[in-house]
file entry.pdb (PDB, C-alpha atoms)
ATOM      1  CA  MET A  22     -20.810 -32.887   3.821
ATOM      2  CA  ILE A  23     -18.176 -30.341   4.847
ATOM      3  CA  ASN A  24     -19.551 -26.903   5.639
ATOM      4  CA  LYS A  25     -18.075 -24.090   3.561
ATOM      5  CA  ILE A  26     -17.500 -20.395   4.121
ATOM      6  CA  TYR A  27     -16.752 -18.248   1.090
ATOM      7  CA  LEU A  28     -14.911 -14.971   1.625
ATOM      8  CA  ILE A  29     -15.510 -12.734  -1.385
ATOM      9  CA  GLN A  30     -13.742  -9.498  -2.271
ATOM     10  CA  ALA A  31     -15.682  -7.519  -4.866
ATOM     11  CA  HIS A  32     -15.792  -4.009  -6.268
ATOM     12  CA  GLN A  33     -17.910  -4.228  -9.426
ATOM     13  CA  TYR A  34     -20.388  -6.339 -11.408
ATOM     14  CA  PRO A  35     -23.033  -7.140  -8.749
ATOM     15  CA  GLU A  36     -24.992  -9.264 -11.254
ATOM     16  CA  GLN A  37     -21.969 -11.493 -11.790
ATOM     17  CA  LEU A  38     -21.465 -11.857  -8.034
ATOM     18  CA  PHE A  39     -25.171 -12.739  -7.737
ATOM     19  CA  ARG A  40     -24.770 -15.547 -10.287
ATOM     20  CA  MET A  41     -21.659 -16.922  -8.593
ATOM     21  CA  ILE A  42     -23.332 -17.033  -5.178
ATOM     22  CA  ASN A  43     -26.398 -18.740  -6.626
ATOM     23  CA  ARG A  44     -24.147 -21.377  -8.178
ATOM     24  CA  LEU A  45     -22.328 -22.061  -4.890
ATOM     25  CA  ASN A  46     -25.261 -21.669  -2.510
ATOM     26  CA  GLU A  47     -26.518 -24.718  -0.632
ATOM     27  CA  GLU A  48     -27.261 -25.860   2.902
ATOM     28  CA  GLY A  49     -24.254 -25.452   5.199
ATOM     29  CA  THR A  50     -22.665 -22.687   3.116
ATOM     30  CA  LEU A  51     -22.052 -19.110   4.259
ATOM     31  CA  PHE A  52     -20.874 -16.050   2.332
ATOM     32  CA  TYR A  53     -18.951 -13.141   3.841
ATOM     33  CA  ILE A  54     -18.549 -10.313   1.350
ATOM     34  CA  HIS A  55     -16.276  -7.277   1.378
ATOM     35  CA  ILE A  56     -17.280  -4.527  -1.058
ATOM     36  CA  ASP A  57     -14.588  -1.979  -1.837
ATOM     37  CA  PHE A  58     -15.282   1.247   0.078
ATOM     38  CA  LYS A  59     -15.186   3.162  -3.236
ATOM     39  CA  SER A  60     -18.077   1.062  -4.590
ATOM     40  CA  ASP A  61     -21.794   1.532  -3.956
ATOM     41  CA  LEU A  62     -22.771  -1.126  -1.426
ATOM     42  CA  ASN A  63     -26.483  -0.633  -2.157
ATOM     43  CA  GLU A  64     -26.006  -1.809  -5.753
ATOM     44  CA  PHE A  65     -24.940  -5.195  -4.368
ATOM     45  CA  GLN A  66     -27.332  -5.453  -1.430
ATOM     46  CA  LYS A  67     -30.457  -4.788  -3.468
ATOM     47  CA  ILE A  68     -29.989  -7.943  -5.578
ATOM     48  CA  ILE A  69     -27.908 -10.221  -3.308
ATOM     49  CA  LYS A  70     -29.866 -11.319  -0.255
ATOM     50  CA  GLY A  71     -30.100 -14.312   2.042
ATOM     51  CA  GLU A  72     -29.880 -15.398   5.667
ATOM     52  CA  ASN A  73     -26.479 -16.966   4.960
ATOM     53  CA  ILE A  74     -25.073 -13.927   3.128
ATOM     54  CA  PHE A  75     -23.245 -11.249   5.128
ATOM     55  CA  PHE A  76     -21.886  -7.964   3.806
ATOM     56  CA  ILE A  77     -19.266  -6.939   6.352
ATOM     57  CA  GLU A  78     -19.478  -3.401   7.700
ATOM     58  CA  ASN A  79     -15.748  -2.865   8.214
ATOM     59  CA  ARG A  80     -14.932  -1.940   4.601
ATOM     60  CA  VAL A  81     -11.671  -0.466   3.330
ATOM     61  CA  ASP A  82     -10.581   1.453   0.248
ATOM     62  CA  CYS A  83      -8.876  -1.346  -1.690
ATOM     63  CA  ILE A  84      -5.827  -0.140  -3.619
ATOM     64  CA  TRP A  85      -4.032  -2.261  -6.184
ATOM     65  CA  GLY A  86      -0.805  -3.793  -4.836
ATOM     66  CA  ASP A  87      -1.483  -2.423  -1.359
ATOM     67  CA  PHE A  88      -1.930  -3.768   2.175
ATOM     68  CA  SER A  89      -5.572  -2.700   1.966
ATOM     69  CA  GLN A  90      -6.131  -5.894  -0.048
ATOM     70  CA  VAL A  91      -4.835  -7.925   2.894
ATOM     71  CA  GLN A  92      -6.836  -5.806   5.337
ATOM     72  CA  ALA A  93     -10.068  -6.507   3.461
ATOM     73  CA  THR A  94      -9.393 -10.243   3.751
ATOM     74  CA  LEU A  95      -8.473  -9.938   7.430
ATOM     75  CA  ASN A  96     -11.669  -8.016   8.136
ATOM     76  CA  MET A  97     -13.752 -10.831   6.648
ATOM     77  CA  ILE A  98     -11.778 -13.452   8.572
ATOM     78  CA  GLN A  99     -12.271 -11.578  11.844
ATOM     79  CA  GLU A 100     -16.037 -11.688  11.256
ATOM     80  CA  VAL A 101     -15.893 -15.427  10.590
ATOM     81  CA  LEU A 102     -13.878 -16.105  13.728
ATOM     82  CA  LYS A 103     -16.515 -14.459  15.914
ATOM     83  CA  ILE A 104     -18.408 -17.755  15.605
ATOM     84  CA  ASP A 105     -16.963 -21.077  16.731
ATOM     85  CA  TYR A 106     -17.304 -23.220  13.606
ATOM     86  CA  ASN A 107     -16.305 -26.853  13.202
ATOM     87  CA  PRO A 108     -12.481 -27.068  12.817
ATOM     88  CA  ASN A 109     -12.922 -28.817   9.456
ATOM     89  CA  THR A 110     -15.141 -26.095   8.000
ATOM     90  CA  ARG A 111     -13.680 -25.092   4.641
ATOM     91  CA  VAL A 112     -12.887 -21.361   4.197
ATOM     92  CA  VAL A 113     -12.336 -20.205   0.606
ATOM     93  CA  LEU A 114     -11.195 -16.776  -0.590
ATOM     94  CA  LEU A 115     -12.682 -15.709  -3.926
ATOM     95  CA  SER A 116     -12.824 -12.664  -6.132
ATOM     96  CA  GLY A 117     -16.211 -11.243  -7.060
ATOM     97  CA  GLN A 118     -15.288 -12.017 -10.657
ATOM     98  CA  ASP A 119     -14.615 -15.723 -10.108
ATOM     99  CA  TYR A 120     -17.022 -18.422 -11.217
ATOM    100  CA  PRO A 121     -17.130 -22.145 -10.354
ATOM    101  CA  ILE A 122     -16.741 -24.529 -13.266
ATOM    102  CA  LYS A 123     -17.492 -27.724 -11.356
ATOM    103  CA  SER A 124     -20.735 -28.916  -9.781
ATOM    104  CA  LEU A 125     -21.502 -28.669  -6.074
ATOM    105  CA  ASP A 126     -21.292 -32.451  -5.834
ATOM    106  CA  PHE A 127     -17.800 -32.379  -7.321
ATOM    107  CA  ILE A 128     -16.689 -29.548  -5.008
ATOM    108  CA  ASN A 129     -18.084 -31.234  -1.894
ATOM    109  CA  ASP A 130     -16.561 -34.590  -2.783
ATOM    110  CA  PHE A 131     -13.178 -32.990  -3.450
ATOM    111  CA  PHE A 132     -13.099 -31.127  -0.133
ATOM    112  CA  GLU A 133     -14.162 -34.238   1.782
ATOM    113  CA  LYS A 134     -11.301 -36.204   0.218
ATOM    114  CA  HIS A 135      -8.804 -33.416   1.024
ATOM    115  CA  GLU A 136     -10.138 -32.391   4.407
ATOM    116  CA  GLY A 137      -6.750 -31.712   6.019
ATOM    117  CA  PHE A 138      -5.193 -29.749   3.172
ATOM    118  CA  SER A 139      -4.619 -26.049   2.568
ATOM    119  CA  PHE A 140      -4.762 -24.927  -1.044
ATOM    120  CA  ILE A 141      -2.574 -21.985  -2.022
ATOM    121  CA  ASN A 142       0.164 -21.395  -4.587
ATOM    122  CA  ILE A 143       3.508 -20.942  -2.843
ATOM    123  CA  GLU A 144       7.128 -20.498  -3.896
ATOM    124  CA  ASN A 145      10.160 -19.213  -2.030
ATOM    125  CA  ILE A 146      10.524 -15.572  -2.994
ATOM    126  CA  THR A 147      14.262 -16.004  -3.565
ATOM    127  CA  GLN A 148      13.454 -18.529  -6.286
ATOM    128  CA  SER A 149      10.707 -16.547  -8.031
ATOM    129  CA  GLY A 150      12.808 -13.924  -9.786
ATOM    130  CA  SER A 151      15.104 -11.187  -8.512
ATOM    131  CA  HIS A 152      12.495  -8.462  -9.059
ATOM    132  CA  HIS A 153      10.218  -9.974  -6.406
ATOM    133  CA  LEU A 154      13.014  -9.961  -3.837
ATOM    134  CA  LYS A 155      13.994  -6.388  -4.744
ATOM    135  CA  ASN A 156      10.387  -5.241  -4.403
ATOM    136  CA  LEU A 157      10.170  -6.940  -1.000
ATOM    137  CA  LYS A 158      13.203  -4.988   0.234
ATOM    138  CA  ALA A 159      11.925  -1.651  -1.080
ATOM    139  CA  PHE A 160       9.733   0.889   0.710
ATOM    140  CA  LYS A 161       6.439   1.584  -1.078
ATOM    141  CA  LEU A 162       4.956   5.057  -0.654
ATOM    142  CA  ASN A 163       1.329   5.525  -1.736
ATOM    143  CA  HIS A 164       0.233   8.864  -3.179
ATOM    144  CA  SER A 165      -3.464   8.108  -3.733
ATOM    145  CA  SER A 166      -5.835   5.177  -4.132
ATOM    146  CA  GLN A 167      -5.324   5.191  -7.885
ATOM    147  CA  ARG A 168      -3.675   2.151  -9.423
ATOM    148  CA  TYR A 169       0.120   2.482  -9.807
ATOM    149  CA  ASP A 170       0.155   5.851  -8.000
ATOM    150  CA  PHE A 171       3.037   5.007  -5.699
ATOM    151  CA  THR A 172       6.824   5.298  -5.501
ATOM    152  CA  MET A 173       9.187   2.440  -4.719
ATOM    153  CA  ILE A 174      12.260   3.559  -2.799
ATOM    154  CA  SER A 175      15.406   1.455  -2.606
ATOM    155  CA  LYS A 176      18.803   1.274  -4.259
ATOM    156  CA  TYR A 177      17.174  -0.922  -6.930
ATOM    157  CA  HIS A 178      14.380   1.507  -7.866
ATOM    158  CA  TYR A 179      16.109   4.631  -9.113
ATOM    159  CA  LYS A 180      13.686   5.025 -12.059
ATOM    160  CA  SER A 181      10.713   5.065  -9.700
ATOM    161  CA  ILE A 182      12.511   7.553  -7.431
ATOM    162  CA  ILE A 183      13.398   9.904 -10.306
ATOM    163  CA  LYS A 184       9.813   9.775 -11.566
ATOM    164  CA  GLY A 185       8.528  10.533  -8.069
ATOM    165  CA  ILE A 186      10.799  13.554  -7.734
ATOM    166  CA  ILE A 187       9.972  14.931 -11.197
ATOM    167  CA  ASN A 188       6.233  14.567 -10.559
ATOM    168  CA  ARG A 189       6.643  16.056  -7.064
ATOM    169  CA  LYS A 190       5.230  12.919  -5.499
ATOM    170  CA  ILE A 191       8.101  12.489  -3.049
ATOM    171  CA  GLN A 192      10.437  14.842  -1.226
ATOM    172  CA  PHE A 193      14.171  14.605  -0.769
ATOM    173  CA  LYS A 194      13.643  13.686   2.896
ATOM    174  CA  ASP A 195      12.030  10.457   1.675
ATOM    175  CA  LEU A 196      15.310   9.456   0.058
ATOM    176  CA  VAL A 197      16.749   8.521   3.443
ATOM    177  CA  LEU A 198      14.791   5.270   3.010
ATOM    178  CA  ILE A 199      17.357   4.234   0.397
ATOM    179  CA  PHE A 200      19.820   3.686   3.222
ATOM    180  CA  LYS A 201      17.410   1.939   5.565
ATOM    181  CA  THR A 202      16.754  -1.800   5.816
ATOM    182  CA  LYS A 203      13.160  -2.960   5.957
ATOM    183  CA  LYS A 204      12.860  -6.074   8.094
ATOM    184  CA  LEU A 205      10.792  -7.813  10.712
ATOM    185  CA  PRO A 206      12.093  -8.150  14.297
ATOM    186  CA  PHE A 207      11.751 -11.942  14.081
ATOM    187  CA  HIS A 208      13.005 -14.404  11.488
ATOM    188  CA  ILE A 209      10.612 -15.468   8.778
ATOM    189  CA  THR A 210      11.309 -16.800   5.294
ATOM    190  CA  PHE A 211       9.211 -15.054   2.680
ATOM    191  CA  TYR A 212       7.061 -16.970   0.220
ATOM    192  CA  ARG A 213       4.780 -15.682  -2.489
ATOM    193  CA  GLY A 214       2.053 -16.756  -4.901
ATOM    194  CA  SER A 215      -1.492 -16.013  -6.010
ATOM    195  CA  ASN A 216      -3.536 -14.577  -3.144
ATOM    196  CA  TRP A 217      -6.535 -16.930  -3.559
ATOM    197  CA  PHE A 218      -6.652 -19.664  -0.943
ATOM    198  CA  SER A 219      -8.721 -22.406   0.635
ATOM    199  CA  PHE A 220      -7.958 -23.285   4.294
ATOM    200  CA  ASN A 221      -9.772 -25.329   6.857
ATOM    201  CA  TYR A 222     -11.063 -23.350   9.827
ATOM    202  CA  LEU A 223      -8.412 -24.645  12.232
ATOM    203  CA  THR A 224      -5.509 -23.627   9.978
ATOM    204  CA  LEU A 225      -7.063 -20.205   9.437
ATOM    205  CA  GLN A 226      -7.339 -19.760  13.208
ATOM    206  CA  LYS A 227      -3.634 -20.551  13.605
ATOM    207  CA  ILE A 228      -2.720 -17.962  10.966
ATOM    208  CA  ILE A 229      -4.838 -15.279  12.630
ATOM    209  CA  ASP A 230      -3.446 -16.127  16.082
ATOM    210  CA  PHE A 231       0.056 -15.544  14.701
ATOM    211  CA  TYR A 232      -1.069 -12.300  13.076
ATOM    212  CA  ASN A 233      -2.626 -11.071  16.327
ATOM    213  CA  ASP A 234       0.540 -11.920  18.272
ATOM    214  CA  HIS A 235       2.706  -9.911  15.833
ATOM    215  CA  LYS A 236       0.134  -7.445  14.504
ATOM    216  CA  ASN A 237       2.091  -4.200  14.808
ATOM    217  CA  ASP A 238       5.301  -5.586  13.315
ATOM    218  CA  LEU A 239       3.568  -7.365  10.455
ATOM    219  CA  GLU A 240       1.442  -4.370   9.515
ATOM    220  CA  PHE A 241       4.363  -1.930   9.684
ATOM    221  CA  PHE A 242       6.370  -4.134   7.321
ATOM    222  CA  PHE A 243       3.664  -5.110   4.842
ATOM    223  CA  LYS A 244       2.065  -1.672   4.619
ATOM    224  CA  GLN A 245       5.309  -0.569   2.964
ATOM    225  CA  THR A 246       5.473  -3.589   0.644
ATOM    226  CA  LEU A 247       4.289  -3.965  -2.951
ATOM    227  CA  CYS A 248       1.598  -6.623  -3.492
ATOM    228  CA  PRO A 249       1.607  -7.920   0.104
ATOM    229  CA  ASP A 250      -1.526  -9.952  -0.604
ATOM    230  CA  GLU A 251       0.737 -12.283  -2.595
ATOM    231  CA  ILE A 252       3.158 -12.720   0.342
ATOM    232  CA  PHE A 253       1.366 -12.198   3.661
ATOM    233  CA  PHE A 254      -0.636 -15.406   4.207
ATOM    234  CA  HIS A 255       1.875 -17.514   2.299
ATOM    235  CA  SER A 256       4.809 -16.568   4.529
ATOM    236  CA  ILE A 257       2.868 -17.002   7.765
ATOM    237  CA  LEU A 258       1.544 -20.394   6.667
ATOM    238  CA  ILE A 259       5.004 -21.763   5.847
ATOM    239  CA  HIS A 260       6.408 -20.286   9.062
ATOM    240  CA  LEU A 261       3.763 -22.181  11.062
ATOM    241  CA  LYS A 262       4.187 -25.361   9.042
ATOM    242  CA  LYS A 263       7.801 -25.756  10.169
ATOM    243  CA  ASP A 264       6.599 -26.692  13.663
ATOM    244  CA  ASP A 265       3.165 -28.045  12.804
ATOM    245  CA  ASN A 266       2.955 -31.256  10.790
ATOM    246  CA  THR A 267      -0.832 -31.012  10.605
ATOM    247  CA  ILE A 268      -0.493 -28.234   8.005
ATOM    248  CA  ASN A 269      -0.439 -29.790   4.539
ATOM    249  CA  ILE A 270      -0.254 -27.635   1.430
ATOM    250  CA  MET A 271      -1.372 -28.201  -2.139
ATOM    251  CA  PRO A 272      -1.634 -25.749  -5.076
ATOM    252  CA  SER A 273      -4.480 -23.261  -5.323
ATOM    253  CA  LEU A 274      -7.820 -24.359  -6.747
ATOM    254  CA  THR A 275      -8.304 -21.030  -8.518
ATOM    255  CA  TYR A 276      -7.140 -20.885 -12.117
ATOM    256  CA  ASP A 277      -5.773 -17.571 -13.318
ATOM    257  CA  ASN A 278      -3.664 -16.682 -16.336
ATOM    258  CA  TRP A 279      -1.073 -13.896 -16.200
ATOM    259  CA  ILE A 280       1.021 -14.951 -19.177
ATOM    260  CA  ARG A 281      -1.221 -14.664 -22.237
ATOM    261  CA  GLU A 282       0.016 -11.950 -24.598
ATOM    262  CA  GLY A 283      -2.028  -9.197 -26.233
ATOM    263  CA  VAL A 284      -4.823  -9.054 -23.644
ATOM    264  CA  GLU A 285      -5.478  -7.356 -20.312
ATOM    265  CA  LEU A 286      -4.264  -9.510 -17.444
ATOM    266  CA  PRO A 287      -5.369 -11.597 -15.710
ATOM    267  CA  VAL A 288      -7.250 -13.182 -18.597
ATOM    268  CA  THR A 289     -11.034 -12.831 -18.497
ATOM    269  CA  PHE A 290     -12.724 -15.898 -19.963
ATOM    270  CA  LYS A 291     -15.864 -15.812 -22.074
ATOM    271  CA  LYS A 292     -18.602 -18.437 -22.131
ATOM    272  CA  LYS A 293     -17.371 -19.905 -25.394
ATOM    273  CA  ILE A 294     -14.034 -20.882 -23.831
ATOM    274  CA  CYS A 295     -14.078 -24.380 -22.366
ATOM    275  CA  MET A 296     -12.591 -24.038 -18.898
ATOM    276  CA  SER A 297     -13.035 -27.687 -17.947
ATOM    277  CA  TYR A 298      -9.703 -28.456 -19.615
ATOM    278  CA  TYR A 299      -7.856 -26.114 -17.278
ATOM    279  CA  LEU A 300      -9.480 -27.363 -14.088
ATOM    280  CA  ASN A 301      -9.065 -30.979 -15.098
ATOM    281  CA  GLN A 302      -5.374 -30.290 -15.654
ATOM    282  CA  SER A 303      -5.208 -28.511 -12.292
ATOM    283  CA  ILE A 304      -7.006 -31.293 -10.401
ATOM    284  CA  SER A 305      -4.752 -33.930 -11.945
ATOM    285  CA  TYR A 306      -1.746 -31.981 -10.778
ATOM    286  CA  LEU A 307      -3.216 -31.546  -7.293
ATOM    287  CA  LEU A 308      -3.833 -35.234  -6.892
ATOM    288  CA  GLU A 309      -0.309 -36.162  -7.928
ATOM    289  CA  ASN A 310       1.857 -33.398  -6.463
ATOM    290  CA  LEU A 311       2.220 -32.040  -2.954
ATOM    291  CA  ILE A 312       4.200 -28.849  -2.425
ATOM    292  CA  GLN A 313       7.491 -29.583  -0.715
ATOM    293  CA  VAL A 314       8.787 -26.766   1.483
TER     294      VAL A 314
END

call {"tool": "encode", "arguments": {"input": "entry.pdb", "output": "structure tokens"}}
result
Amino acid sequence: MINKIYLIQAHQYPEQLFRMINRLNEEGTLFYIHIDFKSDLNEFQKIIKGENIFFIENRVDCIWGDFSQVQATLNMIQEVLKIDYNPNTRVVLLSGQDYPIKSLDFINDFFEKHEGFSFINIENITQSGSHHLKNLKAFKLNHSSQRYDFTMISKYHYKSIIKGIINRKIQFKDLVLIFKTKKLPFHITFYRGSNWFSFNYLTLQKIIDFYNDHKNDLEFFFKQTLCPDEIFFHSILIHLKKDDNTINIMPSLTYDNWIREGVELPVTFKKKICMSYYLNQSISYLLENLIQV
């Protein structure tokens, strides 16, 4: 059986996180948990306990659409990499509001059959809609940790700039960013997708080695980028794959729905909704389609 490490980012609903961990918990499984700095860690620790459960100490204030989301993931990964695990150990990133809809036997069997694969949704950002590319080129200025409290500055974001000026969120000196180009000092093609992933330990180590080698440049760029958690790992993975044929990519194993109308997104599913249909559809697609990049 392949050992598994679950990285979990959570900020609310400790009882739900408790149920998810109980469902996934078995011999050879570890849990590294990041609790948003704004949340009460004690509320989670008093009901979630175990020798294989670790609440990381290096917590950050997670802001929607911000690099802090990436930083929280990196902080968990850095804790994992302090121990030399088997290269085939499976590392899975989850939200505290996820829940498995397949049995442990099914999950273990699936990972054993797909030992050498990385699971993450990826598409070239130039093919995912012009707004994604425009947002990538823009400079994002945070004003607080509140959701949507930021200004996007570029020649494409005049409405955001005007709003920032009217609300006295930005100053005229910030407008010089309109004429600046945001770029990395090395060539990389940008890819995007849902931030939830499943990598084997060896692939994760390669990603972190690249991050450590280019840490300052990557952080400077992505700290000024909207929703970098949907670009950061994706772009590095594809960049590494070009020269490493051991990296094989398939779509993410996490189902999320951002297209349903008339509800808050992503969709939150209730018990009465049969999710097996969605995962069965997803698994069928995984088994038949590899991502070509």

call {"tool": "resolve_selection", "arguments": {"input": "entry.pdb", "expression": "the PyMOL selection byres ((chain A and resi 64-81) around 7)", "output": "list in words"}}
result
Pro35, Phe39, Leu51, Phe52, Tyr53, Ile54, His55, Ile56, Asp57, Phe58, Asp61, Leu62, Asn63, Asp82, Cys83, Ser89, Ala93, Asn96 and Met97 of chain A

call {"tool": "residues_around", "arguments": {"input": "entry.pdb", "residues": "Thr224 of chain A", "least_positions_apart": "5", "cutoff": "10 Å", "atoms": "all atoms listed in the file", "output": "ChimeraX atom specification"}}
result
/A:108-109,111-112,137-139,219,229-230,258,261-262,267-269

call {"tool": "atom_distance", "arguments": {"input": "entry.pdb", "atom1": "atom CA of Glu251 of chain A", "atom2": "atom CA of Gly283 of chain A"}}
result
24.0 Å

call {"tool": "closest_atom_pairs", "arguments": {"input": "entry.pdb", "of": "segment 238-272 of chain A", "to": "segment 192-213 of chain A", "cutoff": "8 Å", "atoms": "only C-alpha atoms", "output": "CSV"}}
result
residue,atom,partner,partner_atom,distance
A:Asp238,CA,A:Leu205,CA,6.5
A:Leu239,CA,A:Leu205,CA,7.2
A:Phe242,CA,A:Leu205,CA,6.7
A:Glu251,CA,A:Arg213,CA,5.3
A:Ile252,CA,A:Arg213,CA,4.4
A:Phe253,CA,A:Arg213,CA,7.8
A:His255,CA,A:Tyr212,CA,5.6
A:Ser256,CA,A:Tyr212,CA,4.9
A:Ile257,CA,A:Ile209,CA,8.0
A:Ile259,CA,A:Tyr212,CA,7.7
A:His260,CA,A:Ile209,CA,6.4

call {"tool": "atom_distance", "arguments": {"input": "entry.pdb", "atom1": "atom CA of Leu102 of chain A", "atom2": "atom CA of Lys134 of chain A"}}
result
24.4 Å

call {"tool": "residues_around", "arguments": {"input": "entry.pdb", "residues": "Ser149 of chain A", "least_positions_apart": "4", "cutoff": "10 Å", "atoms": "only C-alpha atoms", "output": "NGL selection string"}}
result
:A and (143-145 or 153-154 or 212-214)

call {"tool": "residues_around", "arguments": {"input": "entry.pdb", "residues": "Ser215 of chain A", "least_positions_apart": "3", "cutoff": "9 Å", "atoms": "all atoms listed in the file", "output": "number ranges by chain"}}
result
A: 141-143, 218, 250-252, 273, 275, 277

call {"tool": "resolve_selection", "arguments": {"input": "entry.pdb", "expression": "the PyMOL selection byres ((chain A and resi 32) around 8)", "output": "list in words"}}
result
Gln30, Ala31, Gln33, Tyr34, Ile56, Asp57, Lys59, Ser60 and Gly117 of chain A

call {"tool": "resolve_selection", "arguments": {"input": "entry.pdb", "expression": "the PyMOL selection byres ((chain A and resi 120) around 6)", "output": "PyMOL selection string"}}
result
chain A and resi 41+119+121

call {"tool": "axis_aligned_box", "arguments": {"input": "entry.pdb", "around": "segment 63-68 of chain A", "padding_each_side": "4 Å", "output": "JSON"}}
result
{"center_x": -27.7, "center_y": -4.3, "center_z": -3.6, "size_x": 13.5, "size_y": 15.3, "size_z": 12.3}

call {"tool": "atom_distance", "arguments": {"input": "entry.pdb", "atom1": "atom CA of Leu95 of chain A", "atom2": "atom CA of Ile128 of chain A"}}
result
24.6 Å

call {"tool": "closest_residue", "arguments": {"input": "entry.pdb", "among": "A:Tyr179, A:Phe127, A:Phe243, A:Phe254", "to": "Phe220 of chain A", "atoms": "all atoms listed in the file"}}
result
A:Phe254

call {"tool": "closest_residue", "arguments": {"input": "entry.pdb", "among": "A:Ser175, A:Asn24, A:Thr246, A:Asn237", "to": "Gln90 of chain A", "atoms": "only C-alpha atoms"}}
result
A:Thr246

call {"tool": "closest_residue", "arguments": {"input": "entry.pdb", "among": "A:Leu247, A:Val288, A:Val101, A:Ile183", "to": "Leu157 of chain A", "atoms": "only C-alpha atoms"}}
result
A:Leu247

call {"tool": "closest_residue", "arguments": {"input": "entry.pdb", "among": "A:Thr110, A:Asn216, A:Thr50, A:Thr289", "to": "Thr94 of chain A", "atoms": "only C-alpha atoms"}}
result
A:Asn216

call {"tool": "closest_residue", "arguments": {"input": "entry.pdb", "among": "A:Leu45, A:Lys263, A:Asp87, A:Glu285", "to": "Ser166 of chain A", "atoms": "all atoms listed in the file"}}
result
A:Asp87

call {"tool": "closest_residue", "arguments": {"input": "entry.pdb", "among": "A:Phe132, A:Gln226, A:Tyr276, A:Lys244", "to": "Asp105 of chain A", "atoms": "only C-alpha atoms"}}
result
A:Gln226

call {"tool": "build_atoms", "arguments": {"input": "entry.pdb", "residues": "segment 115-127 of chain A", "atoms": "N, CA, C and O atoms", "output": "PDB file, in the frame of the given file"}}
result
ATOM      1  N   LEU A 115     -12.374 -15.880  -2.512  1.00  0.00           N
ATOM      2  CA  LEU A 115     -12.682 -15.709  -3.926  1.00  0.00           C
ATOM      3  C   LEU A 115     -12.733 -14.238  -4.301  1.00  0.00           C
ATOM      4  O   LEU A 115     -12.951 -13.373  -3.447  1.00  0.00           O
ATOM      5  N   SER A 116     -12.565 -13.989  -5.568  1.00  0.00           N
ATOM      6  CA  SER A 116     -12.824 -12.664  -6.132  1.00  0.00           C
ATOM      7  C   SER A 116     -14.279 -12.600  -6.577  1.00  0.00           C
ATOM      8  O   SER A 116     -14.884 -13.624  -6.926  1.00  0.00           O
ATOM      9  N   GLY A 117     -14.849 -11.412  -6.579  1.00  0.00           N
ATOM     10  CA  GLY A 117     -16.211 -11.243  -7.060  1.00  0.00           C
ATOM     11  C   GLY A 117     -16.354 -11.542  -8.532  1.00  0.00           C
ATOM     12  O   GLY A 117     -17.484 -11.624  -9.042  1.00  0.00           O
ATOM     13  N   GLN A 118     -15.245 -11.712  -9.230  1.00  0.00           N
ATOM     14  CA  GLN A 118     -15.288 -12.017 -10.657  1.00  0.00           C
ATOM     15  C   GLN A 118     -14.875 -13.463 -10.963  1.00  0.00           C
ATOM     16  O   GLN A 118     -14.607 -13.809 -12.108  1.00  0.00           O
ATOM     17  N   ASP A 119     -14.838 -14.292  -9.915  1.00  0.00           N
ATOM     18  CA  ASP A 119     -14.615 -15.723 -10.108  1.00  0.00           C
ATOM     19  C   ASP A 119     -15.931 -16.397 -10.475  1.00  0.00           C
ATOM     20  O   ASP A 119     -17.024 -15.830 -10.290  1.00  0.00           O
ATOM     21  N   TYR A 120     -15.817 -17.634 -10.954  1.00  0.00           N
ATOM     22  CA  TYR A 120     -17.022 -18.422 -11.217  1.00  0.00           C
ATOM     23  C   TYR A 120     -16.652 -19.904 -11.172  1.00  0.00           C
ATOM     24  O   TYR A 120     -15.654 -20.310 -11.768  1.00  0.00           O
ATOM     25  N   PRO A 121     -17.444 -20.707 -10.458  1.00  0.00           N
ATOM     26  CA  PRO A 121     -17.130 -22.145 -10.354  1.00  0.00           C
ATOM     27  C   PRO A 121     -17.432 -22.867 -11.657  1.00  0.00           C
ATOM     28  O   PRO A 121     -18.452 -22.615 -12.307  1.00  0.00           O
ATOM     29  N   ILE A 122     -16.544 -23.776 -12.023  1.00  0.00           N
ATOM     30  CA  ILE A 122     -16.741 -24.529 -13.266  1.00  0.00           C
ATOM     31  C   ILE A 122     -16.949 -26.013 -12.997  1.00  0.00           C
ATOM     32  O   ILE A 122     -16.938 -26.810 -13.925  1.00  0.00           O
ATOM     33  N   LYS A 123     -17.149 -26.354 -11.735  1.00  0.00           N
ATOM     34  CA  LYS A 123     -17.492 -27.724 -11.356  1.00  0.00           C
ATOM     35  C   LYS A 123     -18.780 -27.700 -10.533  1.00  0.00           C
ATOM     36  O   LYS A 123     -19.138 -26.682  -9.925  1.00  0.00           O
ATOM     37  N   SER A 124     -19.463 -28.812 -10.499  1.00  0.00           N
ATOM     38  CA  SER A 124     -20.735 -28.916  -9.781  1.00  0.00           C
ATOM     39  C   SER A 124     -20.516 -28.886  -8.278  1.00  0.00           C
ATOM     40  O   SER A 124     -19.401 -29.132  -7.786  1.00  0.00           O
ATOM     41  N   LEU A 125     -21.591 -28.635  -7.538  1.00  0.00           N
ATOM     42  CA  LEU A 125     -21.502 -28.669  -6.074  1.00  0.00           C
ATOM     43  C   LEU A 125     -21.122 -30.062  -5.582  1.00  0.00           C
ATOM     44  O   LEU A 125     -20.366 -30.193  -4.619  1.00  0.00           O
ATOM     45  N   ASP A 126     -21.643 -31.076  -6.226  1.00  0.00           N
ATOM     46  CA  ASP A 126     -21.292 -32.451  -5.834  1.00  0.00           C
ATOM     47  C   ASP A 126     -19.791 -32.686  -5.990  1.00  0.00           C
ATOM     48  O   ASP A 126     -19.153 -33.304  -5.124  1.00  0.00           O
ATOM     49  N   PHE A 127     -19.235 -32.219  -7.096  1.00  0.00           N
ATOM     50  CA  PHE A 127     -17.800 -32.379  -7.321  1.00  0.00           C
ATOM     51  C   PHE A 127     -17.004 -31.618  -6.267  1.00  0.00           C
ATOM     52  O   PHE A 127     -16.039 -32.145  -5.692  1.00  0.00           O
TER      53      PHE A 127
END
